[in-house]
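Asker: Sending over a structure as structure tokens; questions will come in a sec.
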Amino acid sequence: MIGVTYKLKDMFFDRLAVTARLGEDRAKFLRNAGGWIRTTAIRSMRRVGKKGKPSKPGTPPKFHGNEQFSLRTILYGFNGIDSVIIGPIKGNQKAYASGVLTTGTIPNLHEFGGTAGIREKRVGMSWQPVGKRKARPGQPTRVRKAVFPARPYMKPAGDKAKSSGKFKQLWYGSGIS
């Protein structure tokens with residue numbers, strides 16, 4: 001499962017403990033490399049248009065809603081073993097399978113594909129996802145199975161960034177031998 005939690009903020013490259021452990025040159029290289037991969041991943045995604053069509057399987061997912069907490073919310077930091085970790089914020093997503101609560105996150109489903117249950121409530125003649133407002137007592141609910149085809153965006157971003165000339169310039173300009 002991929003996802004970055006808020007605990008990563010203690011491992012940001014501007015923290016004194018991180019730069020003291022890595023040294024200035026290595027910390028600068030890892031910070032710049034993580035930022036470059038993060039930017040590449042964010043730029044690969046597009047906003048959902050007015051028609052609301054999702055991206056094709058195998059291409060980066062589209063995002064919608066609040067950019068403050070969406071697929072484009074990607075953090076990076078020191079992982080504790082002399083490298084950088086980059087990924088979307090994990091969030092508190094819940095999924096239902098056969099009516100049973102299971103774990104899963106939307107970024108993970110987009111990157112690798114899979115299925116999740118979406119709890120819905122009956123409103124008038126249509127079904128709507130149960131959001132912040134819970135279903136009223138007696139209101140019909142269901143769990144709909146949603147299939148997510150793989151729409152990777154983090155691995156392709158890493159591969160693209162590593163093969164670019166800018167990544168090599170970061171390495172050679174870092175002062176690390």
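Residue numbering restarts at 1 in every chain; chains get A, B, ... in the order shown in the structure tokens, and ligands count up from 1 in that same order.
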Report as number ranges by chain all protein, DNA and RNA residues lying within 7 Å of stretch 113-129 of chain A, evaluated on only C-alpha atoms, omitting residues in the same chain fewer than 3 positions from it.

Answerer: A: 95-97, 109-110, 135, 139-151

Asker: Within 10 Å of A:Gly80, counting only C-alpha atoms, which residues qualify if same-chain residues fewer than 5 places away don't, as a list in words?

Answerer: Met11, Val18, Arg21, Leu22 and Ile85 of chain A

Asker: Considering only C-alpha atoms, return as a VMD selection string whatever protein or nucleic-acid residues lie within 6 Å of A:Ala157, sequence-local ones (same chain, fewer than 6 positions apart) excluded.

Answerer: chain A and resid 37 40 to 41

Asker: If you keep all heavy atoms, can you produce a file of those selected residues as a short mmCIF file (atom, residue, chain, number, x, y, z; two decimals), in the first residue's frame?

Answerer:
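Produced file again_38.cif, reproduced below:
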```
data_model
loop_
_atom_site.label_atom_id
_atom_site.label_comp_id
_atom_site.auth_asym_id
_atom_site.auth_seq_id
_atom_site.Cartn_x
_atom_site.Cartn_y
_atom_site.Cartn_z
N ILE A 37 10.65 14.70 -8.81
CA ILE A 37 9.73 13.58 -9.04
C ILE A 37 8.31 13.97 -8.64
O ILE A 37 7.34 13.67 -9.33
CB ILE A 37 10.20 12.31 -8.29
CG1 ILE A 37 11.53 11.83 -8.89
CG2 ILE A 37 9.15 11.21 -8.35
CD1 ILE A 37 12.23 10.75 -8.12
N THR A 40 6.89 16.17 -11.35
CA THR A 40 6.58 15.37 -12.53
C THR A 40 5.26 14.62 -12.34
O THR A 40 4.43 14.57 -13.25
CB THR A 40 7.73 14.38 -12.82
OG1 THR A 40 8.94 15.12 -12.96
CG2 THR A 40 7.48 13.59 -14.08
N ALA A 41 5.04 14.04 -11.15
CA ALA A 41 3.79 13.32 -10.88
C ALA A 41 2.59 14.26 -10.91
O ALA A 41 1.55 13.94 -11.50
CB ALA A 41 3.87 12.60 -9.53
#
```

Asker: With distances taken over only C-alpha atoms, which of A:Ile42, A:Ile106, A:Val130, A:Ala27 is nearest to A:Asp82?

Answerer: A:Ala27

Asker: So which residues touch A:Arg31 within 9 Å, counting only C-alpha atoms, skipping near sequence neighbours fewer than 3 positions away, as a VMD selection string?

Answerer: chain A and resid 12 to 14 26 to 28 34 to 36 76 to 78 84

Asker: Got a sec: who's within 9 Å of A:Arg38, counting only C-alpha atoms, leaving out chain neighbours fewer than 5 positions off, as a list of chain:residue names?

Answerer: A:Ala33, A:Arg43, A:Ile74, A:Leu75, A:Tyr76, A:Ile86, A:Gly87, A:Met154, A:Ala157, A:Gly158

Asker: For A:Thr59, list every protein, DNA or RNA residue within 7 Å, evaluated using only C-alpha atoms, and leave out those in the same chain fewer than 3 positions away; present the list as a PDB file with N, CA and C atoms, in the first residue's frame.

Answerer:
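Done, and the output landed in result-v7.pdb:
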```pdb
ATOM      1  N   SER A  55      -9.825   9.267 -16.683  1.00  0.00           N
ATOM      2  CA  SER A  55      -8.734   9.012 -17.633  1.00  0.00           C
ATOM      3  C   SER A  55      -8.785   7.556 -18.075  1.00  0.00           C
ATOM      4  N   LYS A  56      -8.127   7.273 -19.165  1.00  0.00           N
ATOM      5  CA  LYS A  56      -8.075   5.905 -19.687  1.00  0.00           C
ATOM      6  C   LYS A  56      -7.164   5.059 -18.794  1.00  0.00           C
ATOM      7  N   ARG A 151      -4.131   3.088 -12.918  1.00  0.00           N
ATOM      8  CA  ARG A 151      -3.788   4.361 -13.552  1.00  0.00           C
ATOM      9  C   ARG A 151      -2.532   4.898 -12.850  1.00  0.00           C
ATOM     10  N   PRO A 152      -1.402   4.242 -13.070  1.00  0.00           N
ATOM     11  CA  PRO A 152      -0.195   4.611 -12.322  1.00  0.00           C
ATOM     12  C   PRO A 152       0.268   6.030 -12.644  1.00  0.00           C
TER      13      PRO A 152
END
```
